[in-house]
There are 2 protein chains.
Amino acid sequence: MQKLKTAAIEKISHQDYFNIAVSVDCVIFSYQDKALKVLLIKSDLEEFQGLYSLLGDLVEPEEDLEDAPYRVLQERTGMQDVYLEQVHTFGNINRHPSGRVVTTAYFSLINCKSDKVQITDNDVAWHNVADIRRLAFDHKLILDTCLQQLQEKVMEHPIVFNLLAEKFSLRELQDLYESILGIGLDRRNFRKRIMAKDWLVDLNQMEEDVPHRPGKLYKLRSGLKKSGRLAIRVEQKIAV
Amino acid sequence: MQKLKTAAIEKISHQDYFNIAVSVDCVIFSYQDKALKVLLIKSDLEEFQGLYSLLGDLVEPEEDLEDAPYRVLQERTGMQDVYLEQVHTFGNINRHPSGRVVTTAYFSLINCKSDKVQITDNDVAWHNVADIRRLAFDHKLILDTCLQQLQEKVMEHPIVFNLLAEKFSLRELQDLYESILGIGLDRRNFRKRIMAKDWLVDLNQMEEDVPHRPGKLYKLRSGLKKSGRLAIRVEQKIAV
DNA sequence: CGCTAATGTGTGGAAAGTACATATTCCTGT
DNA sequence: ACAGGAATATGTACTTTCCACACATTAGCG
């Protein structure tokens with residue numbers, strides 16, 4: 001938009017520059033049965049028959065880009081105040097067989113056991129992230145990119161709590177971290193590390209209906225949950 | 001693109017979904033006179049008279065998204081194998097006064113003293129990043145976002161060397177880091193920290209023409225410089 | 001040849017990270 | 001009722017990283 005800005009203005013009604021559609025794709029993560037899940041839909045394109053794809057949609061002409069993923073979430077899951085984060089924009093010419101579509105990828109963390117989650121479409125279902133080998137379009141790349149960003153962020157920012165019920169035990173939390181990171185963690189060190197962050201409040205309650213010694217229950221300290229709108233980027237702290 | 005994918009295909013020729021233009025904006029950083037600079041152009045929109053803006057352009061219909069910033073760099077500076085990194089996509093409805101434009105922001109690191117740099121347009125010039133208060137469009141936000149990403153990345157990844165000549169002293173390197181981070185650093189700790197990363201090769205040469213004791217010259221170890229194409233996202237390493 | 005200004009280097013303390021073992025509690029089965 | 005099983009809860013020593021801090025060395029300049 002600079003030197004060519006003038007050109008752009010003149011061409012703003014020129015068909016050439018409106019041959020690109022803009023979409024968003026949502027990597028909607030949840031956590032169930034000790035596994036990280038992602039919400040996928042059966043592809044209805046014949047090019048991708050039998051494959052699944054992420055949930056996405058074209059951005060409406062009168063819709064802010066970052067409103068689009070919230071709308072997709074709302075339409076697909078009924079959820080409103082979800083945690084959502086922009087990750088990357090993918091725009092290779094041939095990434096979509098039906099035309100030129102540039103897509104911005106977001107990931108979202110939701111608690112799929114919440115009452116509010118309503119998945120109506122029969123073609124939409126949760127899949128184990130670890131088991132996914134192929135997806136339609138470039139969605140496997142998008143998924144991998146989002147998972148990586150989640151992994152990089154998860155130890156420094158209290159975001160995974162969006163995947164859990166309000167009350168949880170440290171064991172549940174650790175299982176969740178292990179699912180996301182794909183590695184095992186030492187229980188004592190994990191406890192220390194999490195506790196040092198001052199994210200949790202001890203509820204003075206115990207697990208119930210577990211076939212062993214129950215653990216304490218915790219909840220996220222209030223004021224830490226970011227959702228409903230895009231989280232602000234984090235302050236840096238660097239020193240040598 | 002899912003449930004609405006069918007709709008999308010049908011509408012792929014429908015005007016409604018092609019009312020959005022896609023652009024890229026480049027935050028082109030360089031380093032001169034002990035200050036971090038950014039390349040800006042005088043805005044030629046009357047809405048933004050007297051303001052500067054980033055260098056950008058609309059994405060061509062037959063151009064991969066990530067090729068666009070390379071093209072902008074090439075057109076504006078003559079540089080080809082630059083370091084470039086996608087940062088964020090901005091898409092509020094009213095961010096551009098002339099129409100709906102979604103823009104993907106990239107930052108770039110170039111050595112402005114290189115022979116290859118050719119800035120021909122008189123309206124294009126280097127500005128001190130620290131002095132910038134306002135820019136046209138949402139470009140101040142884009143600049144801030146890119147600067148923040150640069151700051152977060154700079155200690156972990158050997159990217160700032162794209163801003164320096166091939167040979168440099170540790171003092172120059174430290175000055176550069178201080179300019180980017182906006183803070184002072186302890187010389188001994190800086191040296192240790194950088195040396196521990198095994199990024200540098202001691203050239204066994206000394207600075208010349210300095211009005212004091214000359215420092216040793218170093219260069220970046222070969223194999224570390226990523227440029228010419230988008231850098232691969234970094235491996236994570238997490239353990240508890 | 002001494003003054004100035006910058007380079008080059010090491011150490012000790014604090015904080016964070018990591019490996020590792022034992023006692024406790026609750027449930028279950030007999 | 002009680003023993004056994006299974007998971008919880010917890011502490012310590014070691015290592016690594018981070019950080020604050022001071023002094024001797026070198027080249028240019030007058």
# chains A, B, ... in the order shown; residues from 1 in each chain; ligands from 1
>>> residues_around(residues="C:DA6", least_positions_apart="4", cutoff="9 Å", atoms="only C-alpha atoms (C1' of nucleotides)", output="PDB file with C-alpha atoms (C1' of nucleotides), in the first residue's frame")
ATOM      1  CA  PRO B 211      40.218   5.869  18.667  1.00  0.00           C
ATOM      2  CA  HIS B 212      40.862   3.423  21.485  1.00  0.00           C
ATOM      3  CA  ARG B 213      41.985  -0.085  22.108  1.00  0.00           C
ATOM      4  CA  PRO B 214      40.630  -2.153  19.214  1.00  0.00           C
ATOM      5  CA  GLY B 215      38.406  -5.123  19.834  1.00  0.00           C
TER       6      GLY B 215
ATOM      7  C1'  DT D  26      45.929  -2.133  25.322  1.00  0.00           C
TER       8       DT D  26
END
>>> select_by_dssp(residues="stretch 25-236 of chain B", states="strand (DSSP E or B)", output="JSON, numbers by chain")
{"B": [25, 26, 27, 28, 29, 30, 31, 32, 35, 36, 37, 38, 39, 40, 41, 42, 52, 53, 55, 56, 57, 58, 83, 84, 85, 86, 87, 88, 89, 90, 101, 102, 103, 104, 105, 106, 107, 108, 109, 124, 125, 126, 127, 128, 168, 169, 200, 201, 202, 203, 204, 205, 206, 216, 217, 218, 219, 220]}
>>> write_last_selection(atoms="C-alpha atoms", output="PDB file, in the first residue's frame")
ATOM      1  CA  ASP B  25       3.213  -4.839   5.044  1.00  0.00           C
ATOM      2  CA  CYS B  26       6.904  -5.070   5.741  1.00  0.00           C
ATOM      3  CA  VAL B  27       8.594  -3.775   8.833  1.00  0.00           C
ATOM      4  CA  ILE B  28      12.070  -3.466   7.381  1.00  0.00           C
ATOM      5  CA  PHE B  29      14.569  -3.062  10.172  1.00  0.00           C
ATOM      6  CA  SER B  30      18.143  -1.958   9.848  1.00  0.00           C
ATOM      7  CA  TYR B  31      20.824  -0.730  12.198  1.00  0.00           C
ATOM      8  CA  GLN B  32      22.784   2.465  11.788  1.00  0.00           C
ATOM      9  CA  ALA B  35      20.037   2.882  16.520  1.00  0.00           C
ATOM     10  CA  LEU B  36      17.436   0.508  15.220  1.00  0.00           C
ATOM     11  CA  LYS B  37      15.844   1.919  12.084  1.00  0.00           C
ATOM     12  CA  VAL B  38      12.780   1.124  10.064  1.00  0.00           C
ATOM     13  CA  LEU B  39      12.136   1.932   6.448  1.00  0.00           C
ATOM     14  CA  LEU B  40       9.103   4.181   5.947  1.00  0.00           C
ATOM     15  CA  ILE B  41       7.463   6.029   3.117  1.00  0.00           C
ATOM     16  CA  LYS B  42       5.571   9.292   3.145  1.00  0.00           C
ATOM     17  CA  TYR B  52       4.601   7.869   7.283  1.00  0.00           C
ATOM     18  CA  SER B  53       3.663   4.309   6.608  1.00  0.00           C
ATOM     19  CA  LEU B  55       6.168  -0.485   2.884  1.00  0.00           C
ATOM     20  CA  GLY B  56       3.580  -2.845   1.568  1.00  0.00           C
ATOM     21  CA  ASP B  57       1.583  -3.847  -1.408  1.00  0.00           C
ATOM     22  CA  LEU B  58      -1.428  -5.792  -2.468  1.00  0.00           C
ATOM     23  CA  TYR B  83      15.608 -12.422   6.402  1.00  0.00           C
ATOM     24  CA  LEU B  84      11.855 -12.255   6.591  1.00  0.00           C
ATOM     25  CA  GLU B  85       9.374 -13.534   9.115  1.00  0.00           C
ATOM     26  CA  GLN B  86       5.609 -13.449   9.229  1.00  0.00           C
ATOM     27  CA  VAL B  87       4.236 -11.889  12.378  1.00  0.00           C
ATOM     28  CA  HIS B  88       0.521 -11.277  12.402  1.00  0.00           C
ATOM     29  CA  THR B  89      -2.447 -10.538  10.189  1.00  0.00           C
ATOM     30  CA  PHE B  90      -4.548  -7.457  10.742  1.00  0.00           C
ATOM     31  CA  VAL B 101      -7.883  -4.646   3.088  1.00  0.00           C
ATOM     32  CA  VAL B 102      -6.596  -7.477   5.222  1.00  0.00           C
ATOM     33  CA  THR B 103      -2.858  -7.219   5.673  1.00  0.00           C
ATOM     34  CA  THR B 104      -0.261  -9.699   6.776  1.00  0.00           C
ATOM     35  CA  ALA B 105       2.697  -8.145   8.531  1.00  0.00           C
ATOM     36  CA  TYR B 106       6.267  -9.348   8.099  1.00  0.00           C
ATOM     37  CA  PHE B 107       9.435  -8.098   9.582  1.00  0.00           C
ATOM     38  CA  SER B 108      12.708  -8.094   7.784  1.00  0.00           C
ATOM     39  CA  LEU B 109      16.274  -7.589   8.904  1.00  0.00           C
ATOM     40  CA  VAL B 124      11.353   6.342   1.316  1.00  0.00           C
ATOM     41  CA  ALA B 125      13.793   6.720   4.186  1.00  0.00           C
ATOM     42  CA  TRP B 126      15.121   5.197   7.369  1.00  0.00           C
ATOM     43  CA  HIS B 127      13.621   6.350  10.659  1.00  0.00           C
ATOM     44  CA  ASN B 128      14.664   5.750  14.219  1.00  0.00           C
ATOM     45  CA  PHE B 168      31.824  -7.110  13.792  1.00  0.00           C
ATOM     46  CA  SER B 169      33.125  -6.624  17.282  1.00  0.00           C
ATOM     47  CA  LEU B 200      30.416 -16.743  16.649  1.00  0.00           C
ATOM     48  CA  VAL B 201      33.764 -17.451  15.071  1.00  0.00           C
ATOM     49  CA  ASP B 202      36.783 -15.504  16.247  1.00  0.00           C
ATOM     50  CA  LEU B 203      38.407 -14.105  13.119  1.00  0.00           C
ATOM     51  CA  ASN B 204      41.727 -13.368  14.829  1.00  0.00           C
ATOM     52  CA  GLN B 205      41.477  -9.879  13.462  1.00  0.00           C
ATOM     53  CA  MET B 206      41.211  -6.575  15.214  1.00  0.00           C
ATOM     54  CA  LYS B 216      38.491  -8.542  18.281  1.00  0.00           C
ATOM     55  CA  LEU B 217      36.425  -9.175  15.211  1.00  0.00           C
ATOM     56  CA  TYR B 218      33.976 -12.035  14.897  1.00  0.00           C
ATOM     57  CA  LYS B 219      31.661 -13.385  12.264  1.00  0.00           C
ATOM     58  CA  LEU B 220      28.595 -15.568  12.433  1.00  0.00           C
TER      59      LEU B 220
END
>>> select_by_dssp(residues="stretch 7-226 of chain A", states="helix (DSSP H, G or I)", output="PyMOL selection string")
chain A and resi 7-11+15-18+46-48+67-77+129-131+139-153+160-163+170-181+187-196
>>> write_last_selection(atoms="C-alpha atoms", output="PDB file, in the first residue's frame")
ATOM      1  CA  ALA A   7      -2.511   2.423  -7.729  1.00  0.00           C
ATOM      2  CA  ALA A   8      -4.344   0.462  -5.093  1.00  0.00           C
ATOM      3  CA  ILE A   9      -6.918   3.137  -4.616  1.00  0.00           C
ATOM      4  CA  GLU A  10      -7.551   3.332  -8.271  1.00  0.00           C
ATOM      5  CA  LYS A  11      -7.707  -0.372  -8.503  1.00  0.00           C
ATOM      6  CA  GLN A  15     -11.534  -7.045 -10.296  1.00  0.00           C
ATOM      7  CA  ASP A  16      -7.940  -8.212 -10.299  1.00  0.00           C
ATOM      8  CA  TYR A  17      -7.379  -7.325  -6.724  1.00  0.00           C
ATOM      9  CA  PHE A  18     -10.502  -8.972  -5.513  1.00  0.00           C
ATOM     10  CA  GLU A  46     -14.369 -34.606  -3.853  1.00  0.00           C
ATOM     11  CA  GLU A  47     -10.683 -33.788  -4.093  1.00  0.00           C
ATOM     12  CA  PHE A  48     -10.468 -34.616  -0.414  1.00  0.00           C
ATOM     13  CA  ASP A  67     -14.442 -11.791  14.712  1.00  0.00           C
ATOM     14  CA  ALA A  68     -14.610 -14.539  12.141  1.00  0.00           C
ATOM     15  CA  PRO A  69     -13.062 -17.310  14.259  1.00  0.00           C
ATOM     16  CA  TYR A  70     -15.339 -16.393  17.152  1.00  0.00           C
ATOM     17  CA  ARG A  71     -18.276 -16.717  14.802  1.00  0.00           C
ATOM     18  CA  VAL A  72     -17.045 -20.096  13.565  1.00  0.00           C
ATOM     19  CA  LEU A  73     -16.656 -21.273  17.142  1.00  0.00           C
ATOM     20  CA  GLN A  74     -20.108 -20.045  18.007  1.00  0.00           C
ATOM     21  CA  GLU A  75     -21.700 -21.634  14.961  1.00  0.00           C
ATOM     22  CA  ARG A  76     -19.936 -24.948  15.372  1.00  0.00           C
ATOM     23  CA  THR A  77     -19.881 -25.454  19.093  1.00  0.00           C
ATOM     24  CA  VAL A 129      -4.428 -35.042  17.699  1.00  0.00           C
ATOM     25  CA  ALA A 130      -1.729 -37.662  18.073  1.00  0.00           C
ATOM     26  CA  ASP A 131      -3.421 -39.971  15.583  1.00  0.00           C
ATOM     27  CA  HIS A 139      -4.743 -28.342   7.244  1.00  0.00           C
ATOM     28  CA  LYS A 140      -2.217 -30.801   8.579  1.00  0.00           C
ATOM     29  CA  LEU A 141       0.412 -28.101   8.303  1.00  0.00           C
ATOM     30  CA  ILE A 142      -1.933 -25.660   9.997  1.00  0.00           C
ATOM     31  CA  LEU A 143      -2.637 -28.129  12.772  1.00  0.00           C
ATOM     32  CA  ASP A 144       1.057 -28.801  13.306  1.00  0.00           C
ATOM     33  CA  THR A 145       1.843 -25.110  13.383  1.00  0.00           C
ATOM     34  CA  CYS A 146      -0.871 -24.439  15.929  1.00  0.00           C
ATOM     35  CA  LEU A 147       0.102 -27.396  18.080  1.00  0.00           C
ATOM     36  CA  GLN A 148       3.664 -26.193  18.109  1.00  0.00           C
ATOM     37  CA  GLN A 149       2.612 -22.730  19.157  1.00  0.00           C
ATOM     38  CA  LEU A 150       0.471 -24.231  21.900  1.00  0.00           C
ATOM     39  CA  GLN A 151       3.419 -26.288  23.096  1.00  0.00           C
ATOM     40  CA  GLU A 152       5.718 -23.307  23.155  1.00  0.00           C
ATOM     41  CA  LYS A 153       3.270 -21.218  25.079  1.00  0.00           C
ATOM     42  CA  VAL A 160      -4.502 -24.801  29.353  1.00  0.00           C
ATOM     43  CA  PHE A 161      -7.057 -24.304  32.075  1.00  0.00           C
ATOM     44  CA  ASN A 162      -9.491 -23.472  29.318  1.00  0.00           C
ATOM     45  CA  LEU A 163      -9.391 -27.172  28.509  1.00  0.00           C
ATOM     46  CA  LEU A 170      -2.801 -31.835  39.930  1.00  0.00           C
ATOM     47  CA  ARG A 171      -2.738 -35.268  38.354  1.00  0.00           C
ATOM     48  CA  GLU A 172      -5.322 -34.210  35.783  1.00  0.00           C
ATOM     49  CA  LEU A 173      -3.340 -31.090  35.080  1.00  0.00           C
ATOM     50  CA  GLN A 174      -0.150 -33.035  34.666  1.00  0.00           C
ATOM     51  CA  ASP A 175      -1.807 -35.554  32.353  1.00  0.00           C
ATOM     52  CA  LEU A 176      -3.015 -32.652  30.276  1.00  0.00           C
ATOM     53  CA  TYR A 177       0.441 -31.112  30.044  1.00  0.00           C
ATOM     54  CA  GLU A 178       1.876 -34.469  29.079  1.00  0.00           C
ATOM     55  CA  SER A 179      -0.711 -34.856  26.334  1.00  0.00           C
ATOM     56  CA  ILE A 180       0.042 -31.459  24.926  1.00  0.00           C
ATOM     57  CA  LEU A 181       3.800 -31.742  25.116  1.00  0.00           C
ATOM     58  CA  ARG A 187       5.461 -35.476  39.329  1.00  0.00           C
ATOM     59  CA  ARG A 188       7.382 -33.681  42.063  1.00  0.00           C
ATOM     60  CA  ASN A 189       9.088 -31.260  39.740  1.00  0.00           C
ATOM     61  CA  PHE A 190       5.867 -30.591  37.906  1.00  0.00           C
ATOM     62  CA  ARG A 191       4.141 -29.761  41.156  1.00  0.00           C
ATOM     63  CA  LYS A 192       6.905 -27.422  42.205  1.00  0.00           C
ATOM     64  CA  ARG A 193       7.033 -25.714  38.869  1.00  0.00           C
ATOM     65  CA  ILE A 194       3.302 -25.152  38.664  1.00  0.00           C
ATOM     66  CA  MET A 195       3.008 -24.076  42.267  1.00  0.00           C
ATOM     67  CA  ALA A 196       5.824 -21.581  41.817  1.00  0.00           C
TER      68      ALA A 196
END
>>> atom_distance(atom1="atom CA of B:Arg100", atom2="atom CA of A:Arg95")
22.6 Å
>>> interface_residues(of="chain D", to="chain B", cutoff="12 Å", atoms="only C-alpha atoms (C1' of nucleotides)", output="VMD selection string")
chain D and resid 17 to 22 25 to 29
>>> write_last_selection(atoms="N, CA and C atoms (P, O5', C5', C4', C3', O3' and C1' of nucleotides)", output="JSON list (two decimals), in the first residue's frame")
[["chain", "number", "residue", "atom", "x", "y", "z"],
["D", 17, "DT", "P", 23.61, -24.63, 31.54],
["D", 17, "DT", "O5'", 22.86, -23.32, 32.04],
["D", 17, "DT", "C5'", 21.46, -23.37, 32.31],
["D", 17, "DT", "C4'", 21.03, -22.10, 33.04],
["D", 17, "DT", "C3'", 21.52, -20.81, 32.38],
["D", 17, "DT", "O3'", 20.39, -20.01, 32.11],
["D", 17, "DT", "C1'", 21.93, -20.79, 34.71],
["D", 18, "DC", "P", 20.54, -18.60, 31.39],
["D", 18, "DC", "O5'", 20.54, -17.64, 32.66],
["D", 18, "DC", "C5'", 19.43, -17.67, 33.57],
["D", 18, "DC", "C4'", 19.65, -16.69, 34.70],
["D", 18, "DC", "C3'", 20.09, -15.29, 34.24],
["D", 18, "DC", "O3'", 19.27, -14.34, 34.91],
["D", 18, "DC", "C1'", 21.55, -16.11, 35.91],
["D", 19, "DC", "P", 19.29, -12.80, 34.44],
["D", 19, "DC", "O5'", 20.26, -12.13, 35.52],
["D", 19, "DC", "C5'", 19.93, -12.22, 36.91],
["D", 19, "DC", "C4'", 21.09, -11.69, 37.74],
["D", 19, "DC", "C3'", 21.71, -10.38, 37.21],
["D", 19, "DC", "O3'", 21.75, -9.46, 38.27],
["D", 19, "DC", "C1'", 23.38, -11.96, 37.72],
["D", 20, "DA", "P", 21.62, -7.89, 37.89],
["D", 20, "DA", "O5'", 22.55, -7.26, 39.03],
["D", 20, "DA", "C5'", 22.51, -7.80, 40.35],
["D", 20, "DA", "C4'", 23.91, -7.79, 40.93],
["D", 20, "DA", "C3'", 24.72, -6.52, 40.63],
["D", 20, "DA", "O3'", 25.12, -5.94, 41.85],
["D", 20, "DA", "C1'", 26.00, -8.48, 40.16],
["D", 21, "DC", "P", 25.73, -4.50, 41.87],
["D", 21, "DC", "O5'", 27.29, -4.79, 41.84],
["D", 21, "DC", "C5'", 27.85, -5.73, 42.76],
["D", 21, "DC", "C4'", 29.27, -6.03, 42.34],
["D", 21, "DC", "C3'", 30.01, -4.83, 41.73],
["D", 21, "DC", "O3'", 31.29, -4.72, 42.32],
["D", 21, "DC", "C1'", 30.27, -6.71, 40.40],
["D", 22, "DA", "P", 32.16, -3.43, 42.18],
["D", 22, "DA", "O5'", 33.56, -3.91, 42.79],
["D", 22, "DA", "C5'", 33.99, -5.25, 42.65],
["D", 22, "DA", "C4'", 35.39, -5.30, 42.05],
["D", 22, "DA", "C3'", 36.17, -3.98, 42.09],
["D", 22, "DA", "O3'", 37.53, -4.28, 42.43],
["D", 22, "DA", "C1'", 36.07, -4.77, 39.89],
["D", 25, "DT", "P", 48.00, -6.32, 33.89],
["D", 25, "DT", "O5'", 47.30, -6.01, 32.50],
["D", 25, "DT", "C5'", 46.62, -7.05, 31.79],
["D", 25, "DT", "C4'", 46.17, -6.50, 30.45],
["D", 25, "DT", "C3'", 47.28, -5.85, 29.63],
["D", 25, "DT", "O3'", 47.29, -6.46, 28.35],
["D", 25, "DT", "C1'", 45.38, -4.44, 29.75],
["D", 26, "DT", "P", 48.53, -6.14, 27.36],
["D", 26, "DT", "O5'", 47.88, -5.13, 26.34],
["D", 26, "DT", "C5'", 46.79, -5.56, 25.53],
["D", 26, "DT", "C4'", 46.22, -4.37, 24.81],
["D", 26, "DT", "C3'", 47.26, -3.58, 24.00],
["D", 26, "DT", "O3'", 46.81, -3.51, 22.66],
["D", 26, "DT", "C1'", 45.93, -2.13, 25.32],
["D", 27, "DA", "P", 47.85, -3.39, 21.49],
["D", 27, "DA", "O5'", 47.50, -1.96, 20.91],
["D", 27, "DA", "C5'", 46.27, -1.81, 20.21],
["D", 27, "DA", "C4'", 45.85, -0.36, 20.28],
["D", 27, "DA", "C3'", 46.84, 0.59, 19.63],
["D", 27, "DA", "O3'", 46.18, 1.20, 18.53],
["D", 27, "DA", "C1'", 46.09, 1.39, 21.76],
["D", 28, "DG", "P", 46.86, 2.31, 17.68],
["D", 28, "DG", "O5'", 46.20, 3.61, 18.34],
["D", 28, "DG", "C5'", 44.77, 3.74, 18.33],
["D", 28, "DG", "C4'", 44.39, 5.10, 18.89],
["D", 28, "DG", "C3'", 45.10, 6.27, 18.22],
["D", 28, "DG", "O3'", 44.16, 7.34, 18.13],
["D", 28, "DG", "C1'", 45.62, 6.23, 20.53],
["D", 29, "DC", "P", 44.51, 8.57, 17.20],
["D", 29, "DC", "O5'", 44.68, 9.73, 18.27],
["D", 29, "DC", "C5'", 43.86, 9.74, 19.44],
["D", 29, "DC", "C4'", 44.39, 10.75, 20.43],
["D", 29, "DC", "C3'", 45.17, 11.90, 19.80],
["D", 29, "DC", "O3'", 44.72, 13.12, 20.36],
["D", 29, "DC", "C1'", 46.46, 10.88, 21.50]]
